[in-house]
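Raw work28.cif, mmCIF, C-alpha atoms and all ligand atoms:
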data_target
loop_
_atom_site.label_atom_id
_atom_site.label_comp_id
_atom_site.auth_asym_id
_atom_site.auth_seq_id
_atom_site.Cartn_x
_atom_site.Cartn_y
_atom_site.Cartn_z
CA MET A 1 -9.98 73.62 -85.37
CA THR A 2 -13.49 74.06 -84.00
CA LEU A 3 -14.29 73.55 -80.38
CA GLU A 4 -16.22 70.43 -81.27
CA ASN A 5 -13.21 68.91 -83.02
CA ARG A 6 -10.94 69.75 -80.12
CA GLN A 7 -13.26 67.96 -77.76
CA ILE A 8 -13.26 64.91 -79.97
CA THR A 9 -9.46 64.89 -80.14
CA THR A 10 -9.20 65.12 -76.36
CA TYR A 11 -11.72 62.35 -75.98
CA VAL A 12 -9.84 60.07 -78.38
CA SER A 13 -6.51 60.63 -76.65
CA CYS A 14 -8.12 59.89 -73.27
CA MET A 15 -9.52 56.69 -74.69
CA SER A 16 -6.21 55.50 -76.05
CA ALA A 17 -4.39 56.42 -72.83
CA SER A 18 -6.87 54.36 -70.83
CA THR A 19 -6.62 51.45 -73.30
CA LYS A 20 -2.84 51.63 -72.89
CA ASP A 21 -3.28 51.60 -69.12
CA VAL A 22 -5.53 48.56 -69.22
CA THR A 23 -3.12 46.77 -71.55
CA ALA A 24 -0.16 47.50 -69.26
CA THR A 25 -2.12 46.38 -66.19
CA LEU A 26 -3.07 43.17 -67.97
CA HIS A 27 0.60 42.60 -68.81
CA TYR A 28 1.53 43.00 -65.14
CA LEU A 29 -1.25 40.72 -63.90
CA SER A 30 -0.37 38.00 -66.44
CA THR A 31 3.37 38.26 -65.77
CA GLY A 32 2.74 38.05 -62.02
CA LEU A 33 0.52 34.98 -62.33
CA VAL A 34 3.03 33.17 -64.54
CA GLU A 35 5.90 34.05 -62.15
CA TRP A 36 3.79 32.88 -59.21
CA GLU A 37 3.11 29.55 -60.88
CA ASP A 38 6.73 29.06 -61.93
CA THR A 39 7.99 29.68 -58.37
CA PRO A 40 8.32 26.44 -56.37
CA PRO A 41 5.57 26.41 -53.66
CA ASP A 42 8.05 26.53 -50.75
CA GLU A 43 9.58 29.72 -52.16
CA ARG A 44 6.26 31.58 -52.51
CA VAL A 45 6.88 33.81 -49.48
CA GLN A 46 5.32 36.86 -51.07
CA ILE A 47 3.35 37.57 -54.20
CA PRO A 48 5.48 38.59 -57.23
CA GLN A 49 6.08 42.31 -57.66
CA SER A 50 4.42 42.41 -61.09
CA LEU A 51 1.24 40.85 -59.69
CA ARG A 52 1.20 43.39 -56.86
CA LEU A 53 1.76 46.20 -59.36
CA GLY A 54 -1.00 44.90 -61.63
CA LEU A 55 -3.45 44.62 -58.76
CA SER A 56 -2.74 48.11 -57.43
CA ARG A 57 -3.07 49.62 -60.92
CA MET A 58 -6.39 47.81 -61.34
CA TYR A 59 -7.64 49.09 -57.96
CA ALA A 60 -6.50 52.66 -58.70
CA ALA A 61 -8.36 52.67 -62.03
CA ALA A 62 -11.44 51.16 -60.40
CA VAL A 63 -11.52 53.86 -57.71
CA LEU A 64 -11.46 56.53 -60.43
CA SER A 65 -14.12 54.88 -62.57
CA GLY A 66 -16.30 53.61 -59.73
CA LYS A 67 -16.62 50.22 -61.48
CA PRO A 68 -16.50 47.19 -59.15
CA ILE A 69 -13.54 44.79 -59.33
CA PRO A 70 -12.33 41.95 -57.07
CA THR A 71 -10.92 43.64 -53.97
CA THR A 72 -9.04 40.89 -52.15
CA LEU A 73 -6.38 38.46 -53.38
CA PRO A 74 -8.63 35.37 -52.98
CA GLU A 75 -11.40 37.22 -54.83
CA PHE A 76 -8.96 38.07 -57.61
CA PHE A 77 -7.81 34.45 -57.96
CA LYS A 78 -11.45 33.35 -58.08
CA SER A 79 -12.38 35.94 -60.72
CA ALA A 80 -9.23 35.19 -62.72
CA ALA A 81 -10.70 31.77 -63.56
CA SER A 82 -13.71 33.46 -65.28
CA PRO A 83 -13.57 35.39 -68.57
CA ILE A 84 -11.71 38.65 -67.92
CA LYS A 85 -14.43 40.62 -69.71
CA SER A 86 -17.00 39.33 -67.21
CA TRP A 87 -15.35 40.94 -64.16
CA TRP A 88 -13.15 43.74 -65.43
CA GLU A 89 -15.18 46.32 -67.30
CA PRO A 90 -12.39 48.28 -69.11
CA VAL A 91 -11.18 45.14 -70.92
CA LYS A 92 -14.47 45.03 -72.84
CA ALA A 93 -13.08 47.89 -74.93
CA LEU A 94 -10.19 45.73 -76.16
CA SER A 95 -11.54 43.88 -79.18
CA THR A 96 -8.39 41.76 -79.62
CA ILE A 97 -9.05 39.98 -76.33
CA PRO A 98 -11.29 36.96 -76.93
CA ASP A 99 -14.55 37.04 -74.95
CA THR A 100 -13.66 33.68 -73.39
CA ALA A 101 -10.08 34.57 -72.35
CA THR A 102 -9.32 33.90 -68.68
CA LEU A 103 -6.16 34.47 -66.64
CA ILE A 104 -6.36 31.12 -64.84
CA GLU A 105 -7.46 27.77 -66.30
CA ASP A 106 -7.95 24.71 -64.11
CA GLY A 107 -5.80 26.21 -61.36
CA LEU A 108 -2.87 27.18 -63.63
CA ALA A 109 -1.90 30.37 -65.47
CA SER A 110 -3.90 30.23 -68.70
CA ASP A 111 -2.41 30.08 -72.19
CA PHE A 112 -3.68 33.63 -72.62
CA ALA A 113 -1.83 34.78 -69.46
CA ARG A 114 1.34 33.02 -70.61
CA GLU A 115 1.27 34.69 -74.01
CA TRP A 116 0.31 38.05 -72.54
CA ALA A 117 3.00 37.90 -69.84
CA LEU A 118 6.05 40.07 -70.29
CA SER A 119 8.97 37.76 -70.84
CA GLY A 120 11.08 37.46 -67.73
CA LYS A 121 14.51 35.93 -68.08
CA ASP A 122 14.08 33.84 -64.96
CA SER A 123 10.93 32.04 -66.04
CA ILE A 124 11.39 28.29 -65.62
CA HIS A 125 9.54 27.58 -68.84
CA GLN A 126 11.82 29.84 -70.82
CA ILE A 127 14.85 28.04 -69.48
CA GLN A 128 13.27 24.73 -70.46
CA GLU A 129 12.52 26.12 -73.91
CA LEU A 130 16.19 26.96 -74.42
CA PRO A 131 17.24 23.53 -75.79
CA LEU A 132 14.86 24.14 -78.73
CA ALA A 133 16.71 27.34 -79.60
CA LYS A 134 20.08 25.63 -79.11
CA LEU A 135 19.10 22.73 -81.37
CA LYS A 136 18.09 25.18 -84.08
CA GLU A 137 21.35 27.10 -83.75
CA PHE A 138 23.42 23.89 -83.84
CA CYS A 139 21.60 22.56 -86.91
CA GLU A 140 21.94 25.90 -88.68
CA ARG A 141 25.68 25.97 -88.01
CA HIS A 142 26.19 22.42 -89.32
CA GLN A 143 23.52 22.50 -92.04
CA LEU A 144 21.59 19.59 -90.52
CA ASP A 145 18.19 20.11 -92.13
CA ASP A 146 17.05 16.48 -91.85
CA SER A 147 18.36 16.02 -88.31
CA TYR A 148 16.41 19.07 -87.17
CA ARG A 149 13.24 17.90 -88.90
CA LYS A 150 13.44 14.44 -87.34
CA ALA A 151 14.34 15.69 -83.86
CA ARG A 152 11.34 18.04 -83.84
CA GLY A 153 8.80 16.06 -85.84
CA GLU A 154 9.54 12.46 -84.91
CA LEU A 155 10.63 12.84 -81.30
CA ILE A 156 9.58 16.08 -79.59
CA VAL A 157 6.19 16.37 -81.31
CA ALA A 158 5.26 12.74 -81.91
CA GLN A 159 6.85 11.10 -78.84
CA PRO A 160 7.10 13.54 -75.91
CA VAL A 161 7.06 10.54 -73.54
CA LEU A 162 8.65 7.19 -74.40
CA LYS A 163 10.77 4.35 -73.05
CA ILE A 164 14.50 4.99 -72.73
CA ALA A 165 15.20 2.00 -74.98
CA GLN A 166 12.95 3.49 -77.67
CA LEU A 167 14.67 6.87 -77.40
CA ARG A 168 18.07 5.16 -77.79
CA LYS A 169 16.85 3.29 -80.84
CA ASN A 170 15.74 6.58 -82.38
CA ILE A 171 18.99 8.43 -81.74
CA ASP A 172 20.99 5.57 -83.20
CA THR A 173 19.52 6.35 -86.62
CA LYS A 174 21.69 8.22 -89.13
CA GLU A 175 20.21 11.72 -88.92
CA LEU A 176 19.40 11.79 -85.21
CA ALA A 177 22.83 10.50 -84.26
CA LYS A 178 24.20 13.86 -85.44
CA VAL A 179 22.25 15.67 -82.73
CA ARG A 180 22.46 12.97 -80.04
CA ASP A 181 23.93 15.35 -77.42
CA PHE A 182 20.54 17.07 -77.22
CA PHE A 183 18.99 13.81 -76.11
CA LYS A 184 21.25 13.11 -73.14
CA LEU A 185 19.21 12.79 -69.97
CA ASP A 186 20.85 15.79 -68.31
CA ASP A 187 19.90 19.40 -67.57
CA GLU A 188 20.68 20.50 -71.12
CA GLY A 189 18.67 17.78 -72.87
CA PHE A 190 15.07 17.61 -74.06
CA TYR A 191 14.16 14.48 -72.08
CA LYS A 192 14.35 13.63 -68.39
CA PRO A 193 13.30 10.54 -66.44
CA VAL A 194 9.54 10.78 -65.90
CA ILE A 195 9.90 10.34 -62.13
CA ASP A 196 12.16 13.42 -61.99
CA LEU A 197 9.66 15.57 -63.90
CA PHE A 198 6.56 15.26 -61.74
CA GLY A 199 5.70 13.81 -58.37
CA GLY A 200 2.93 11.25 -58.08
CA ILE A 201 2.49 7.51 -58.26
CA GLU A 202 0.34 7.13 -61.33
CA TYR A 203 1.31 8.39 -64.76
CA ARG A 204 -1.22 8.72 -67.55
CA LEU A 205 -0.61 10.07 -71.02
CA CYS A 206 -2.94 12.53 -72.76
CA PRO A 207 -4.62 10.67 -75.63
CA ARG A 208 -3.94 13.56 -78.02
CA CYS A 209 -0.50 15.03 -77.24
CA LYS A 210 0.78 11.89 -75.42
CA TYR A 211 2.22 13.92 -72.55
CA ILE A 212 1.94 13.17 -68.83
CA GLN A 213 -1.41 14.38 -67.52
CA ARG A 214 -1.98 16.12 -64.20
CA LEU A 215 -4.51 15.46 -61.50
CA TRP A 216 -7.00 18.32 -61.10
CA GLU A 217 -10.03 18.04 -58.83
CA GLY A 218 -9.97 14.23 -58.90
CA GLU A 219 -9.60 13.93 -62.66
CA TYR A 220 -6.58 13.41 -64.91
CA ILE A 221 -6.39 16.14 -67.54
CA CYS A 222 -3.89 17.42 -70.10
CA ARG A 223 -1.42 20.05 -68.88
CA LYS A 224 -2.50 22.22 -71.77
CA LYS A 225 -6.08 23.41 -71.50
CA SER A 226 -6.57 23.80 -75.27
CA CYS A 227 -5.45 20.18 -75.77
CA GLU A 228 -7.80 18.95 -73.03
CA LEU A 229 -10.73 20.72 -74.72
CA ILE A 230 -9.97 18.94 -78.01
CA VAL A 231 -9.71 15.60 -76.17
CA ARG A 232 -13.22 16.22 -74.82
CA GLN A 233 -14.61 17.41 -78.15
CA LYS A 234 -13.24 14.40 -79.96
CA ARG A 235 -14.24 12.05 -77.12
CA LEU A 236 -10.74 10.62 -76.78
CA LYS A 237 -10.94 10.08 -73.01
CA ASN A 238 -11.12 6.30 -73.38
CA HIS A 239 -7.76 6.21 -75.11
CA ILE A 240 -5.64 7.30 -72.16
CA GLN A 241 -2.46 5.24 -71.84
CA ILE A 242 -1.35 4.39 -68.29
CA ILE A 243 2.33 3.77 -67.61
CA PRO A 244 2.49 0.73 -65.28
CA ALA A 245 4.09 1.67 -61.94
CA ALA A 246 6.59 -1.20 -62.24
CA GLU A 247 7.86 0.25 -65.53
CA ILE A 248 8.10 3.90 -64.57
CA ASN A 249 11.90 3.89 -64.23
CA GLU A 250 12.18 2.96 -67.91
CA TRP A 251 10.30 6.04 -69.17
CA VAL A 252 11.48 9.53 -70.10
CA GLY A 253 9.57 12.67 -71.08
CA VAL A 254 10.30 16.15 -72.39
CA THR A 255 10.23 19.00 -69.87
CA PRO A 256 6.96 20.97 -69.49
CA GLY A 257 8.49 23.95 -71.33
CA VAL A 258 9.43 21.79 -74.34
CA HIS A 259 5.96 20.22 -74.27
CA ARG A 260 4.32 23.66 -74.29
CA TYR A 261 6.51 25.31 -76.92
CA GLY A 262 7.63 22.30 -78.97
CA THR A 263 5.13 19.44 -78.76
CA ILE A 264 1.80 21.28 -78.61
CA PRO A 265 2.25 23.69 -81.57
CA GLY A 266 3.92 20.84 -83.49
CA ILE A 267 0.72 18.76 -83.37
CA TRP A 268 -1.05 21.39 -85.49
CA GLU A 269 1.89 21.54 -87.90
CA LEU A 270 1.86 17.76 -88.40
CA GLU A 271 -1.95 17.66 -88.76
CA LEU A 272 -1.85 20.37 -91.41
CA ARG A 273 1.01 18.59 -93.20
CA ASP A 274 -1.01 15.36 -93.31
CA LYS A 275 -4.10 17.13 -94.68
CA LEU A 276 -2.07 18.86 -97.40
CA LEU A 277 -0.40 15.57 -98.33
CA GLU A 278 -3.86 14.03 -98.70
CA LEU A 279 -4.74 16.85 -101.09
CA GLY A 280 -1.77 15.89 -103.25
CA ALA A 281 0.68 18.63 -102.30
CA LYS A 282 4.35 18.05 -101.53
CA VAL A 283 5.09 19.25 -98.01
CA THR A 284 8.40 19.95 -96.28
CA LEU A 285 8.34 20.44 -92.52
CA TYR A 286 10.52 23.19 -91.02
CA PRO A 287 12.30 24.13 -94.27
CA GLN A 288 15.74 25.72 -94.03
CA ILE A 289 15.92 24.72 -90.38
CA ASP A 290 12.66 26.17 -89.19
CA ARG A 291 12.66 29.38 -91.16
CA TYR A 292 8.89 28.76 -91.11
CA ASP A 293 6.70 25.72 -90.44
CA LEU A 294 5.66 24.22 -93.78
CA LEU A 295 6.77 24.60 -97.39
CA VAL A 296 3.91 23.45 -99.62
CA GLU A 297 4.53 22.71 -103.29
CA PHE A 298 1.58 22.13 -105.62
CA PRO A 299 1.60 20.24 -108.94
CA ASN A 300 1.04 23.56 -110.76
CA SER A 301 4.44 24.71 -109.35
CA GLN A 302 2.86 27.11 -106.87
CA ARG A 303 4.85 27.28 -103.63
CA TRP A 304 3.42 28.42 -100.30
CA ALA A 305 5.09 29.17 -97.00
CA ILE A 306 2.87 28.42 -94.02
CA ASP A 307 3.38 29.45 -90.41
CA VAL A 308 1.01 27.84 -87.93
CA LYS A 309 0.34 30.05 -84.92
CA ASP A 310 -1.08 28.37 -81.85
CA TRP A 311 -2.00 31.73 -80.35
CA SER A 312 -4.80 32.47 -77.92
CA TYR A 313 -5.15 36.08 -79.08
CA VAL A 314 -4.15 38.06 -82.15
CA THR A 315 -3.10 41.69 -82.36
CA LYS A 316 -1.72 43.79 -85.20
CA GLU A 317 1.53 44.02 -83.29
CA ARG A 318 1.92 40.23 -83.12
CA LEU A 319 1.02 39.82 -86.79
CA SER A 320 3.44 42.53 -87.88
CA LYS A 321 6.31 40.31 -86.69
CA VAL A 322 5.40 37.66 -89.28
CA SER A 323 7.41 38.27 -92.43
CA CYS A 324 6.71 37.27 -96.03
CA GLN A 325 9.06 34.49 -97.09
CA PRO A 326 11.28 34.80 -100.17
CA GLY A 327 11.14 32.24 -102.99
CA VAL A 328 7.45 31.39 -102.57
CA ASN A 329 4.25 32.60 -104.24
CA ALA A 330 2.46 33.29 -100.97
CA THR A 331 3.05 33.29 -97.22
CA PHE A 332 0.18 32.22 -94.96
CA VAL A 333 -0.33 32.50 -91.24
CA VAL A 334 -2.66 29.72 -90.16
CA PHE A 335 -4.61 29.62 -86.88
CA PRO A 336 -6.14 26.36 -85.65
CA ASP A 337 -9.95 26.46 -85.77
CA ALA A 338 -10.05 25.21 -82.18
CA ASN A 339 -8.51 28.48 -80.91
CA ASP A 340 -11.55 30.69 -80.79
CA LEU A 341 -9.95 33.98 -81.83
CA ASN A 342 -11.72 37.30 -82.13
CA ILE A 343 -10.56 38.22 -85.60
CA PRO A 344 -13.11 39.86 -87.90
CA ALA A 345 -11.04 38.83 -90.94
CA ILE A 346 -11.27 35.18 -89.90
CA ARG A 347 -15.03 35.40 -89.51
CA LYS A 348 -15.26 36.85 -93.00
CA ARG A 349 -12.88 34.26 -94.45
CA LYS A 350 -14.96 31.41 -93.15
CA GLU A 351 -17.77 32.55 -95.43
CA PHE A 352 -15.52 32.61 -98.49
CA GLN A 353 -13.28 29.67 -97.70
CA PRO A 354 -15.28 26.86 -99.31
CA GLN A 355 -15.29 28.74 -102.62
CA ALA A 356 -11.62 29.68 -102.38
CA LEU A 357 -10.58 26.07 -101.88
CA LYS A 358 -12.45 24.77 -104.91
CA GLY A 359 -10.14 23.27 -107.48
CA LEU A 360 -7.21 22.88 -105.08
ZN ZN B 401 -2.70 16.85 -74.36
#

Could you quickly redo this structure as structure tokens?
Ligand SMILES: [Zn+2]
Amino acid sequence: MTLENRQITTYVSCMSASTKDVTATLHYLSTGLVEWEDTPPDERVQIPQSLRLGLSRMYAAAVLSGKPIPTTLPEFFKSAASPIKSWWEPVKALSTIPDTATLIEDGLASDFAREWALSGKDSIHQIQELPLAKLKEFCERHQLDDSYRKARGELIVAQPVLKIAQLRKNIDTKELAKVRDFFKLDDEGFYKPVIDLFGGIEYRLCPRCKYIQRLWEGEYICRKKSCELIVRQKRLKNHIQIIPAAEINEWVGVTPGVHRYGTIPGIWELELRDKLLELGAKVTLYPQIDRYDLLVEFPNSQRWAIDVKDWSYVTKERLSKVSCQPGVNATFVVFPDANDLNIPAIRKRKEFQPQALKGL
């Protein structure tokens, strides 16, 4: 090996070590922010350990590199609402992080931070997500394909907030009656009385996902930033439904964790299903109890498996966990156009897509 080559090798390993460092620091910062948000305000005596660790790692790296970063906690919280690449130089080297990704959105941990956070067993959202996993397990054990499909598609995705009487009517139907225990208004169930979910006196439903909005800087907005952006793009603001105060005791809603991990991604799945149906394909939602999202069957006997990923960033590592499905001609991973992802392949595909879809 020549001296020149050796230098290059050393340089490359330094680069990857520093990229690894930045990635780990970002994991700590995201985890800390999510833990901070999921801790009830009266229990926030000190900042979470992972946030402290992330901040000190960021400071240490900044001292070495001489690049400026936010130096106090309030400064960090302020910067965290702007694109990470605008205030933290080393992140610019990570191409898989979208240029617009922030750690905080409208005062809450961003979708990006939530996905980037290391999973902690005590996260409130994960506990709320648990009924989804339990429903799947139960339906797998008892071979309840249709019950699963209806519970996810017709209730959790399409009606995250509804009147108790309406919920009862739904679970009295043949397929849903088989999974009725998941719809009891207790700690284990998907739905809870709306007044137990959030404080406040006025309840408004997002015109797109139909979930209870939150008040942020004098305006009611969706709890999910990506959904709120679509509401604005599609000018749906005039279609907000208000639950009359006198009726509030009659309404129930899914928990925020079920909304985030069940309702929101499900909207894309249902939209894609409807578009494919319009094109003349036969579509089955959540085949074999959610083995993947959509089974698409075309008149020419082609069969596709489609997984819709409502991700805010894509890496090779995340993609490698998606497996090709047996018994189909092709497996596709589909990303909603609205999620502005930095994927070169997607940019290229957009150029070819109109041609590729001809004759479908
Ligand atoms: Zn919404």

Counting all atoms listed in the file, which residues in chain A sit no more than 9 Å from ligand ZN 401 (chain B)? For each one, give the nearest pair of atoms and the distance in Å, sorted by chain then residue number, as CSV.
residue,atom,partner,partner_atom,distance
A:Leu205,CA,B:ZN401,ZN,7.8
A:Cys206,CA,B:ZN401,ZN,4.6
A:Pro207,CA,B:ZN401,ZN,6.6
A:Arg208,CA,B:ZN401,ZN,5.1
A:Cys209,CA,B:ZN401,ZN,4.1
A:Lys210,CA,B:ZN401,ZN,6.2
A:Tyr211,CA,B:ZN401,ZN,6.0
A:Ile212,CA,B:ZN401,ZN,8.1
A:Gln213,CA,B:ZN401,ZN,7.4
A:Ile221,CA,B:ZN401,ZN,7.8
A:Cys222,CA,B:ZN401,ZN,4.5
A:Arg223,CA,B:ZN401,ZN,6.5
A:Lys224,CA,B:ZN401,ZN,6.0
A:Lys225,CA,B:ZN401,ZN,7.9
A:Ser226,CA,B:ZN401,ZN,8.0
A:Cys227,CA,B:ZN401,ZN,4.5
A:Glu228,CA,B:ZN401,ZN,5.7
A:Leu229,CA,B:ZN401,ZN,8.9
A:Ile230,CA,B:ZN401,ZN,8.4
A:Val231,CA,B:ZN401,ZN,7.3
A:Ile264,CA,B:ZN401,ZN,7.6

Residues near Cys324 in chain A, anyone? I mean within 12 Å using all atoms listed in the file, not counting same-chain ones fewer than 2 positions away, as number ranges by chain. A: 291-292, 304-307, 319-322, 326-333

Can you tell me how far CA of Ser56 in chain A sits from CA of Val314 in chain A, in Å to one decimal?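 CA of Ser56 in chain A sits 26.7 Å away from CA of Val314 in chain A.
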
Once 8 Å is added on each side, what are the centre and the three edge lengths, in Å to one decimal, of the axis-aligned box enclosing the listed atoms of range 35-53 of chain A? Present them as AutoDock Vina command-line options.
--center_x 5.4 --center_y 36.3 --center_z -55.8 --size_x 24.4 --size_y 35.8 --size_z 28.7

Between A:Pro68, A:Val45, A:Ile164, A:Thr19, which has the minimum distance to Lys92 in chain A (counting all atoms listed in the file)?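 Using all atoms listed in the file, the shortest distance to Lys92 in chain A belongs to A:Thr19.
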
Could you state the separation of CA of Arg44 in chain A and CA of Gly32 in chain A in Å, given to one decimal place?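 Computing it gives 12.0 Å between the two atoms.
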
Smallest atom-to-atom distance to Tyr203 in chain A: which of A:Ala165, A:Leu272, A:Asn249, A:Asp181, using only C-alpha atoms?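 Among the listed residues, A:Asn249 lies closest to Tyr203 in chain A.
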
Excluding Asp310 in chain A and residues on its chain fewer than 5 positions from it, collect all residues at most 7 Å away from it, counting only C-alpha atoms, and give them as an MDAnalysis selection string. chainID A and resid 265 335:336

With distances taken over all atoms listed in the file, which residue among A:Glu219, A:Glu250, A:Glu140, A:Asp293 lies nearest Arg168 in chain A?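 Nearest candidate to Arg168 in chain A out of A:Glu219, A:Glu250, A:Glu140, A:Asp293: A:Glu250.
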
Taking into account all atoms listed in the file, which residue in the set A:Ala80, A:Val34, A:Val91, A:Ala338 is nearest to Ala61 in chain A? A:Val91
